[in-house]
Each structure stands twice: as structure tokens, then as C-alpha cells.
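Read the structure below first, then the notes.
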Amino acid sequence: MAVNYGSKRVVVGAHYGLRDWLAQRVTAVLMALFTFLVLGQLFVSKGPISYYTWSGIFAAQWMKVLTFTMILALLYHVWVGMRDIWMDYVKPVGLRLSLQVFSLVWLVSCAGWAIQVLWRL
Amino acid sequence: MTEIDPHAPVKRPEFRNINAFKDLPSYRLPSAGWVSILHRISGAVMFLLLPFVIWMFDTSVSSEISFMKFKSAFNVGLLGVPGVIWKLLALALIWAYLHHLIAGLRHLWMDARHAVSKEFGRSSALVTLTLGSVLTLVLALKLFGLY
């Protein structure tokens, strides 16, 4: 954390750049691996993909908790990405804040829905 | 040694405060630039289509009846919208995901290997664009039942 007191205190910037940069990459790697995990399970299943093959993949408890983590990873990843887009292209502060709030509402709502679907499986 | 040559060709234009309508149509973006802007566009597309993604997840895993509904949306249609439109929407997601994934792996590779030369940027960008397009085409043919 940046020093926020005394003569060495950092007076500019929010200093979450590195944290978000790293989080963006860590969540990306996790989601890429998860993609290959789901595709792999589809490839080892035999015959056309039935309802039971497909839902069975997500019904296992270990897959459920892993998918839950992926939803959270997606949430963070997309938040960093969308915030970058708004910060780069939208200069009026009021409009930018509104779009950022919209992104958060959109993302948290979607995550809530996805988790609900996952947990009633 | 730099010498001032009175017959030197005209200096390339420098772009500052780019106007989207005046400057962008004539601006020749290098391949790495295309990968970069498409990385953003594909991310934004997936962000906007997120409810559609979760709707697909919901209907495809919830029950056998909803699974049928999921399939018929693409074959017959849903909410008065023909199946072909839903397939095109899914195809947009397929392209966005593939491009975003491959462009992201390119980023990770460059971060890990410090591969920041101009030539690597160009060649890896071309690989990204080609691979993303070819895989999208292959899956599009499958989606529309051509094989």
C-alpha cells in the first residue's frame, strides 16, 4: 500500500493500477483454464450432448464451487475492462460515473442470476 | 548523422485529438492495432450480451423442458424472433470469445517473455486475427448445420 501519512506520503493517484493489471491477468488465466476444463469434459462425453451430459458437468459439487469462483473472476475482470473503456473514451465526469454505476449494477445483477442458476442445480 | 535535406519527402501527419469521423476512416491501423481495438470491442460485446449468456446457461441446465426450449430458440425462434437471429447473436458471442481469448493469450505471452519487438507484435497480431476468424468460420458452419 502507498504511504498515506507523514513526509513520504503519496499525494497523487489512487495506486490501484498494478493490482487491477495483475487481477485482470490472473482472472483471465483462471477463466481460460476453466474454458478448457468444460470443453474437455464435453469431449470425453460420448454421443450427442444431451441435457444430462451438459447439466451433469455443472451439477458436481467441485464444479459448482469452481464455477462460482469463475463467476466472481468474471465480475472483477469485466469491471476492470469496462472501467478502462469508460475512462478512455468518456470524459464528462457525470456521464462517466453514470456509465460506471450502470456497469456495476449490470455485472452484479448478472452474477446474482448466474449464481442462483448454479445453486439450484 | 542527421542532415537536413531540402528535398526530403513531406513529413507524415501527426494525429492529436483524433476526431472519430474526420481522422479514423483514413487512418491505416497496423495489425496489432486492429487486435487491440477488437479486443476492446469483443469485450464490450460480451459485456452487453451477458444476460443472453446467463439466459443460455439458465435454460440449458435447469431442466429437460428448459433444455428443449433452449434448443428450439435457435431452431424455431423465441419471443417472435426467428432462430436465425438467435444463431447470429450466438455467433457474435463465439467470435467475441475467440478473439478475446486469443488476443488475451497473446498479451500474456508478451508479458511473460518480454516479447515486445515490432516484428513479433506484427506477426502475432496476424496469427491472432487469422486464428480467431478461421475458428469462428468453422463454428459458424457447424452452427448453421453445413456439416
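Letters for chains follow the order of the C-alpha cells (A, B, ...), residue numbers begin at 1 for each chain, and ligand numbers begin at 1 in the order shown.
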| field | Leu88 (chain B) surroundings by only C-alpha atoms, 10 Å radius, close-in-sequence under 4 positions cut, as a ChimeraX atom specification | value | /B:74,83-84,92-94,140,143-144
| field | Close residues, Pro13 (chain B) itself excluded, 12 Å, only C-alpha atoms, min 4 positions apart in chain, as a list in words | value | Pro9, Ile18, Asp23, Ser26 and Tyr27 of chain B
I need the chosen residues saved as a PDB file, in the first residue's frame, with N, CA and C atoms.
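Saved as out11.pdb:
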ATOM      1  N   PRO B   9      10.983  13.957 -48.344  1.00  0.00           N
ATOM      2  CA  PRO B   9       9.527  13.843 -48.521  1.00  0.00           C
ATOM      3  C   PRO B   9       8.768  14.543 -47.404  1.00  0.00           C
ATOM      4  N   ILE B  18      -7.680  12.964 -31.909  1.00  0.00           N
ATOM      5  CA  ILE B  18      -8.267  12.302 -33.075  1.00  0.00           C
ATOM      6  C   ILE B  18      -9.779  12.504 -33.112  1.00  0.00           C
ATOM      7  N   ASP B  23     -10.794  11.668 -38.838  1.00  0.00           N
ATOM      8  CA  ASP B  23      -9.475  11.045 -38.919  1.00  0.00           C
ATOM      9  C   ASP B  23      -9.502   9.529 -39.032  1.00  0.00           C
ATOM     10  N   SER B  26      -9.598   7.432 -42.525  1.00  0.00           N
ATOM     11  CA  SER B  26      -8.413   7.447 -43.381  1.00  0.00           C
ATOM     12  C   SER B  26      -7.174   6.931 -42.647  1.00  0.00           C
ATOM     13  N   TYR B  27      -7.325   6.553 -41.366  1.00  0.00           N
ATOM     14  CA  TYR B  27      -6.172   6.136 -40.577  1.00  0.00           C
ATOM     15  C   TYR B  27      -5.898   4.660 -40.791  1.00  0.00           C
TER      16      TYR B  27
END
| request: Can you work out which one of A:His77, A:Ala32, A:Leu118, A:Phe43 has the shortest atom-to-atom distance to Ala103 (chain B), counting only C-alpha atoms? | output: A:Ala32
Could the residues of chain B that have an atom at most 8 Å from chain A be listed as JSON lines, each with its closest atom pair and the distance in Å to one decimal, counting only C-alpha atoms and ordered by chain and ascending residue number?
{"residue": "B:Arg40", "atom": "CA", "partner": "A:Ile85", "partner_atom": "CA", "distance": 7.6}
{"residue": "B:Gly43", "atom": "CA", "partner": "A:Gly81", "partner_atom": "CA", "distance": 7.5}
{"residue": "B:Ala44", "atom": "CA", "partner": "A:Met82", "partner_atom": "CA", "distance": 7.1}
{"residue": "B:Phe47", "atom": "CA", "partner": "A:Val78", "partner_atom": "CA", "distance": 7.1}
{"residue": "B:Leu50", "atom": "CA", "partner": "A:Cys110", "partner_atom": "CA", "distance": 7.0}
{"residue": "B:Pro51", "atom": "CA", "partner": "A:Cys110", "partner_atom": "CA", "distance": 6.3}
{"residue": "B:Ile54", "atom": "CA", "partner": "A:Ala114", "partner_atom": "CA", "distance": 6.0}
{"residue": "B:Phe57", "atom": "CA", "partner": "A:Ala114", "partner_atom": "CA", "distance": 7.8}
{"residue": "B:Asp58", "atom": "CA", "partner": "A:Val117", "partner_atom": "CA", "distance": 5.7}
{"residue": "B:Ser60", "atom": "CA", "partner": "A:Tyr51", "partner_atom": "CA", "distance": 7.2}
{"residue": "B:Val61", "atom": "CA", "partner": "A:Ser55", "partner_atom": "CA", "distance": 4.7}
{"residue": "B:Ser62", "atom": "CA", "partner": "A:Leu121", "partner_atom": "CA", "distance": 6.5}
{"residue": "B:Ser63", "atom": "CA", "partner": "A:Tyr51", "partner_atom": "CA", "distance": 7.7}
{"residue": "B:Glu64", "atom": "CA", "partner": "A:Tyr51", "partner_atom": "CA", "distance": 6.1}
{"residue": "B:Phe67", "atom": "CA", "partner": "A:Tyr51", "partner_atom": "CA", "distance": 6.3}
{"residue": "B:Leu101", "atom": "CA", "partner": "A:Ala32", "partner_atom": "CA", "distance": 7.2}
{"residue": "B:Gly104", "atom": "CA", "partner": "A:Ala28", "partner_atom": "CA", "distance": 7.6}
{"residue": "B:Leu108", "atom": "CA", "partner": "A:Arg25", "partner_atom": "CA", "distance": 7.4}
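The spacing separating CA of Ser117 (chain B) from CA of Leu38 (chain B) amounts to 20.7 Å.
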| task | Quick one: pull the distance between CA of Tyr97 (chain B) and CA of Thr67 (chain A), Å, one decimal. | result | 17.5 Å
